[in-house]
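Peer 1: Sharing a structure below in structure tokens format, with a few things to ask.
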Amino acid sequence: MGVAGPPGPVMDRDEVDRALARLGAEHEAIETSLLALQDHAGRRLLEGAQLTGTTRERWSSAEQAITLLWAYFDAYAGALRTAREIRSQRRWPNRDDLMELTDLLRGESVTVASGASTGGLSPSITGPAKLSEQFTLAAIVERMNDLYASSLDMVVAADAVWSALPARIDLLAAELGRTRQLAHSVGVRPGEHPAGDDLERITAVLTRLREEVVSDPLAYWQKAAGSSAPGGGRPDTTAYDREARAIEDVRREIDAVLTVRQDAEARLGRLRDVLSRADRTLAEARSARGEVLAKIAASEVPAVSGPPTALQEQLATAAEYRRHGQWNRLSPLLESLETKAEDELLRARESLTAVTAPLAVRAELRGRLDAYKAKVGRLGFAEDPFLVERYDAARRMLWSAPCDLRAAESAVLRYQRAAADVLAAPTDQRGES
């Protein structure tokens, strides 16, 4: 849509002809724009839809604005037609003709009756109520431009939302249906698994979302910041994107359940093996504790717990879930059991280490004693009476039961010091001794 020329003094023939040519082109452009708006797919959808909320309010105003646009256009076309008729009367218009044409082309020559000019719109759009309104051609074009822009903006926005969201929601709903069937096949159902509850919630949300998008598309339109062009913005897909991500989360959960179904037997076998090793380790620890208590004196030996019966019961429950195909229950139970079984095996090993610590200390002392004896022997002091006495004393303590580790360690240290003293003495002193 264009804008008519500025007002001025009495126009000459050339100015009139140029103005009429410009207004003729403008008339054609305005008519083309109005017909395009009238035939816009979004406008036809709006006319036939059961609208609610913001869209219903704005479409009510837009319908009145479109009606008013045509009334303005008819008045504008009538004024232009009158000017053309006057100009066509003479090849060389006289002054009276030029004055009349100037008034038509630049003055307030367009009259719109009050009923047409208001069109039921609020005074904020059309101004105070009057019996009729007078416009210049430039003013009525400006008014049409404003009404056209606001009407087209509303129509384009609604059409953009309808073109983008319902089809995407339908595709997502179809994907949701396939996901629900797969979920049911692996036992993921509402009330039995959180993912089943999520599917029910997503279904309800998508149904409501589609209804809202169809009845109130402008509620899902995000206008571009700072844009004044009609249709400047994009559909707001926030709610849709959120539910799409939720479906993806459910699908991943179902994939995890499917994975459990595929390798459940192998995982159960590994769990049985880990728990069996933990049980054997604890049995070894209990046996070792008895040996320590019998062979080591004055030593604190920690108690050893019994076999992991609670985990065995849970393992039996897991096997039951597998037999009955309750994969949704089996999945979290297996994950929990795998962690607990590894912890139990580690605890059993730590218990065995703690129980056998006194035997390890005794073995270390025995090894140290024999190592020093071998060293003394290589240096030719194996028959030294003092060293033999100290060695025999330490050995009796370490090879007797129950063994007093503190006394035995002291005896080994005495032997080490005696050996060190002998080995450190000068050669002549060694001979004397």
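Order determines the names: the first chain of the structure tokens is A, the second B, and so forth; residues in each chain are numbered 1 upward, and ligands are numbered 1 upward as they are shown.
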Got a sec: who's within 9 Å of range 161-178 of chain A, counting only C-alpha atoms, leaving out chain neighbours fewer than 2 positions off, as a ChimeraX atom specification?

Peer 2: /A:42,156-159,180-183,199,202-203,206-207,209-211,213-214,217-218,220-221,234-237,240,243-244,247

Peer 1: DSSP on the backbone, then: every residue of range 64-215 of chain A marked strand (DSSP E), written as a PyMOL selection string.

Peer 2: chain A and resi 110-113+132-135

Peer 1: Would you output that residue set with C-alpha atoms, as a short mmCIF file (atom, residue, chain, number, x, y, z; two decimals), in the first residue's frame?

Peer 2:
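Dumped to result-v9.cif:
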data_model
loop_
_atom_site.label_atom_id
_atom_site.label_comp_id
_atom_site.auth_asym_id
_atom_site.auth_seq_id
_atom_site.Cartn_x
_atom_site.Cartn_y
_atom_site.Cartn_z
CA VAL A 110 -13.48 11.46 0.98
CA THR A 111 -16.62 11.12 3.08
CA VAL A 112 -17.26 7.98 5.13
CA ALA A 113 -20.57 7.55 6.95
CA SER A 132 -19.65 11.10 9.07
CA GLU A 133 -15.93 11.64 8.70
CA GLN A 134 -13.97 13.54 6.07
CA PHE A 135 -10.56 12.35 4.91
#

Peer 1: Name all residues at most 10 Å from Tyr148 in chain A (count only C-alpha atoms; drop same-chain ones fewer than 4 positions away) and give them as an MDAnalysis selection string.

Peer 2: chainID A and resid 1 30 33:34 37 62 65:66 68:69 142:144 152:154 230

Peer 1: List as a PyMOL selection string the protein and nucleic acid residues near Arg322 in chain A, meaning an atom at most 10 Å away when only C-alpha atoms are counted, but skip any in the same chain fewer than 5 places from it.

Peer 2: chain A and resi 260-261+264-265+268+316-317+327-331

Peer 1: Can you pull out every residue within 8 Å of Ser351 in chain A, counting only C-alpha atoms, but drop anything in the same chain fewer than 4 positions away, and send it as a VMD selection string?

Peer 2: chain A and resid 282 285 302 304 347 355

Peer 1: If you measure from CA of Glu192 in chain A to CA of Glu313 in chain A, what distance in Å do you get, rounded to one decimal?

Peer 2: 21.6 Å

Peer 1: Find the residues around Ala19 in chain A up to 12 Å (only C-alpha atoms counted), leave out those fewer than 2 positions away in its own chain, and share them as number ranges by chain.

Peer 2: A: 3-7, 11-17, 21-27, 80, 83-84, 87, 101-102, 104-106, 137-138

Peer 1: Please identify the helix (DSSP H, G or I) residues within range 121-360 of chain A (assignment by DSSP from backbone atoms) and present them as a PyMOL selection string.

Peer 2: chain A and resi 123-126+137-185+194-215+217-220+238-295+309-323+327-360

Peer 1: Excluding Ala411 in chain A and residues on its chain fewer than 6 positions from it, collect all residues at most 9 Å away from it, counting only C-alpha atoms, and give them as a count of residues only.

Peer 2: 6

Peer 1: Work out how far apart CA of Lys295 in chain A and CA of Leu365 in chain A are and give it in Å to one decimal.

Peer 2: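 Atom-to-atom, CA of Lys295 in chain A and CA of Leu365 in chain A are spaced 14.6 Å apart.
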